[in-house]
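A.B. asks: Dumping the structure here so I can ask a few things about it.
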Amino acid sequence: METAAGELSTALEQVVSRFAGMVRAVGLRHGLSEADVDEVMQDVRLRLWHARSTAEKISGAPASYVYRTATSAALDLIRRRRARREESVDIALVGEEAVRGANPAPDVALEQSELMDALTRTIDGLSDARRPVVRMYLVGYSRQEIADLLGWTEAKTRNLLYRGLEDLRQGLTRRGIGPEIAR
């Protein structure tokens, strides 16, 4: 008779091997290399193990659950890589600002903080379909990258983005935030 840990490990490997092709396809569809796909596969193992702690629950994992887990793992890997890239750029910029002494005055820092809070609240008020597209666009993703990451067509992404940006503009205007009119 196998131990509980052995049963868990066996069930986990059976599910992963049963859905390995699907997990691999998810990774490749998101433009990941073979090494990255292997990392996604390992992440799927860990997520299944954490979320479904018994051999019975792991064995009963439906394909849709494994698919969503693989998609989430692939997107998280992409986000981590981008965050590291942005972090290294931010560190370089902070170093340049420190050399130049570019610390904003307290009133400017407060104004920027309040603006970011208003922007965040307004984005949080967007519809569920438009919110992620607008957030991704504002942090620098292109429309095509957003479409690829979300598995949507470019047309759907473009439509949701433009409508979401219009909703954002209107929401900020209602909060009294917008371009100043030159007189």
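Residue numbering restarts at 1 for every chain of the structure tokens, chains are lettered A, B, ... in their displayed order, and ligands are numbered from 1 as they appear.
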What's the 12 Å shell around A:Asp76, counting only C-alpha atoms, without same-chain residues fewer than 3 positions away, as number ranges by chain?
C.D. replies: A: 27, 30, 32, 36, 39-40, 43-44, 69-73, 79-83, 149
A.B. asks: Please identify the helix (DSSP H, G or I) residues within chain A (assignment by DSSP from backbone atoms) and present them as a PyMOL selection string.
C.D. replies: chain A and resi 4-18+20-29+34-51+55-59+63-100+106-124+131-138+143-150+154-174
A.B. asks: Give me a file of those residues, with C-alpha atoms, as a short mmCIF file (atom, residue, chain, number, x, y, z; two decimals), in the first residue's frame.
C.D. replies:
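Written out: part03.cif:
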```cif
data_model
loop_
_atom_site.label_atom_id
_atom_site.label_comp_id
_atom_site.auth_asym_id
_atom_site.auth_seq_id
_atom_site.Cartn_x
_atom_site.Cartn_y
_atom_site.Cartn_z
CA ALA A 4 -0.39 9.30 1.36
CA ALA A 5 2.58 11.24 -0.02
CA GLY A 6 3.22 8.53 -2.60
CA GLU A 7 -0.43 8.50 -3.67
CA LEU A 8 -0.40 12.28 -3.93
CA SER A 9 2.75 12.25 -6.04
CA THR A 10 1.39 9.50 -8.30
CA ALA A 11 -1.93 11.30 -8.79
CA LEU A 12 -0.13 14.55 -9.53
CA GLU A 13 2.13 12.98 -12.15
CA GLN A 14 -0.83 11.21 -13.78
CA VAL A 15 -2.77 14.45 -14.15
CA VAL A 16 0.28 16.38 -15.37
CA SER A 17 1.17 13.72 -17.93
CA ARG A 18 -2.48 13.44 -19.05
CA ALA A 20 0.99 17.84 -20.66
CA GLY A 21 0.15 18.53 -24.30
CA MET A 22 -2.47 21.08 -23.36
CA VAL A 23 -0.16 22.82 -20.85
CA ARG A 24 2.62 22.89 -23.46
CA ALA A 25 0.23 24.36 -26.05
CA VAL A 26 -0.84 27.10 -23.61
CA GLY A 27 2.78 28.06 -23.00
CA LEU A 28 3.68 28.06 -26.68
CA ARG A 29 0.56 30.06 -27.55
CA GLU A 34 10.66 25.41 -24.27
CA ALA A 35 12.50 26.20 -21.01
CA ASP A 36 9.70 28.57 -20.03
CA VAL A 37 7.10 25.92 -20.89
CA ASP A 38 8.93 23.52 -18.55
CA GLU A 39 8.76 26.21 -15.84
CA VAL A 40 5.02 26.58 -16.46
CA MET A 41 4.64 22.79 -16.23
CA GLN A 42 6.39 22.82 -12.83
CA ASP A 43 4.25 25.73 -11.68
CA VAL A 44 1.10 23.82 -12.69
CA ARG A 45 2.30 20.87 -10.58
CA LEU A 46 2.79 23.14 -7.57
CA ARG A 47 -0.53 24.90 -8.01
CA LEU A 48 -2.41 21.61 -8.31
CA TRP A 49 -0.66 20.28 -5.23
CA HIS A 50 -1.46 23.41 -3.19
CA ALA A 51 -5.05 23.83 -4.37
CA ALA A 55 -4.83 12.41 -4.35
CA GLU A 56 -8.56 12.06 -5.04
CA LYS A 57 -9.01 15.78 -5.65
CA ILE A 58 -5.95 15.94 -7.89
CA SER A 59 -7.06 12.91 -9.90
CA ALA A 63 -9.34 19.69 -18.08
CA SER A 64 -10.82 23.17 -17.75
CA TYR A 65 -9.24 23.59 -14.31
CA VAL A 66 -5.83 22.48 -15.54
CA TYR A 67 -6.18 24.76 -18.59
CA ARG A 68 -6.98 27.80 -16.42
CA THR A 69 -4.12 26.90 -14.09
CA ALA A 70 -1.69 26.64 -17.02
CA THR A 71 -2.89 29.94 -18.49
CA SER A 72 -2.53 31.65 -15.14
CA ALA A 73 0.96 30.20 -14.65
CA ALA A 74 2.05 31.34 -18.13
CA LEU A 75 0.72 34.86 -17.61
CA ASP A 76 2.33 35.07 -14.17
CA LEU A 77 5.68 34.05 -15.67
CA ILE A 78 5.37 36.77 -18.32
CA ARG A 79 4.39 39.35 -15.69
CA ARG A 80 7.32 38.41 -13.44
CA ARG A 81 9.74 38.80 -16.34
CA ARG A 82 8.28 42.19 -17.29
CA ALA A 83 8.32 43.33 -13.66
CA ARG A 84 12.01 42.42 -13.37
CA ARG A 85 12.71 44.32 -16.58
CA GLU A 86 10.77 47.36 -15.35
CA GLU A 87 12.36 47.11 -11.91
CA SER A 88 15.85 47.26 -13.40
CA VAL A 89 14.81 50.29 -15.47
CA ASP A 90 13.26 51.94 -12.38
CA ILE A 91 16.43 51.37 -10.37
CA ALA A 92 18.47 53.01 -13.10
CA LEU A 93 16.09 55.99 -13.18
CA VAL A 94 16.13 56.32 -9.39
CA GLY A 95 19.92 56.40 -9.52
CA GLU A 96 19.85 59.16 -12.13
CA GLU A 97 17.30 61.16 -10.11
CA ALA A 98 19.38 60.84 -6.95
CA VAL A 99 22.41 62.17 -8.79
CA ARG A 100 20.39 65.10 -10.14
CA PRO A 106 6.12 67.69 -0.71
CA ASP A 107 3.16 69.48 -2.32
CA VAL A 108 4.02 68.01 -5.73
CA ALA A 109 4.43 64.53 -4.22
CA LEU A 110 1.03 64.86 -2.50
CA GLU A 111 -0.61 66.00 -5.73
CA GLN A 112 0.90 63.07 -7.63
CA SER A 113 -0.24 60.66 -4.93
CA GLU A 114 -3.80 62.01 -5.01
CA LEU A 115 -3.85 61.82 -8.80
CA MET A 116 -2.71 58.18 -8.71
CA ASP A 117 -5.40 57.36 -6.12
CA ALA A 118 -8.10 58.96 -8.29
CA LEU A 119 -6.78 57.15 -11.36
CA THR A 120 -6.76 53.80 -9.53
CA ARG A 121 -10.31 54.31 -8.20
CA THR A 122 -11.54 55.27 -11.67
CA ILE A 123 -9.91 52.24 -13.30
CA ASP A 124 -11.37 50.00 -10.59
CA ARG A 131 -10.46 46.97 -16.76
CA PRO A 132 -7.60 44.52 -17.52
CA VAL A 133 -7.16 45.81 -21.07
CA VAL A 134 -6.87 49.42 -19.90
CA ARG A 135 -4.48 48.50 -17.07
CA MET A 136 -2.23 46.53 -19.41
CA TYR A 137 -2.26 49.35 -21.96
CA LEU A 138 -1.37 51.96 -19.34
CA ARG A 143 -2.74 46.11 -28.33
CA GLN A 144 -1.31 43.02 -30.01
CA GLU A 145 0.51 41.93 -26.83
CA ILE A 146 -2.70 42.35 -24.83
CA ALA A 147 -4.64 40.33 -27.40
CA ASP A 148 -2.02 37.57 -27.35
CA LEU A 149 -1.84 37.43 -23.55
CA LEU A 150 -5.60 37.36 -23.09
CA GLU A 154 -6.94 42.16 -32.04
CA ALA A 155 -10.35 43.59 -32.99
CA LYS A 156 -11.94 42.61 -29.65
CA THR A 157 -8.95 43.99 -27.76
CA ARG A 158 -9.02 47.25 -29.74
CA ASN A 159 -12.76 47.65 -29.14
CA LEU A 160 -12.52 47.03 -25.39
CA LEU A 161 -9.44 49.24 -25.10
CA TYR A 162 -10.96 52.24 -26.88
CA ARG A 163 -14.22 51.96 -24.97
CA GLY A 164 -12.33 51.48 -21.71
CA LEU A 165 -10.12 54.52 -22.35
CA GLU A 166 -13.22 56.59 -23.12
CA ASP A 167 -14.84 55.39 -19.87
CA LEU A 168 -11.60 56.27 -18.04
CA ARG A 169 -11.53 59.76 -19.57
CA GLN A 170 -15.16 60.37 -18.62
CA GLY A 171 -14.61 59.05 -15.10
CA LEU A 172 -11.58 61.28 -14.57
CA THR A 173 -13.50 64.26 -15.97
CA ARG A 174 -16.30 63.60 -13.47
#
```
A.B. asks: For atom CA of A:Tyr141 and atom CA of A:Gly176, quote the distance in Å rounded to one decimal.
C.D. replies: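 A separation of 27.3 Å between them.
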A.B. asks: Could you tell me how far atom CA of A:Arg175 sits from atom CA of A:Ser142, in Å to one decimal place?
C.D. replies: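 For atom CA of A:Ser142 relative to atom CA of A:Arg175, the distance reads 27.4 Å.
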A.B. asks: Using Å and a single decimal, report how far atom CA of A:Ser33 sits from atom CA of A:Val139.
C.D. replies: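 So the answer is 23.6 Å.
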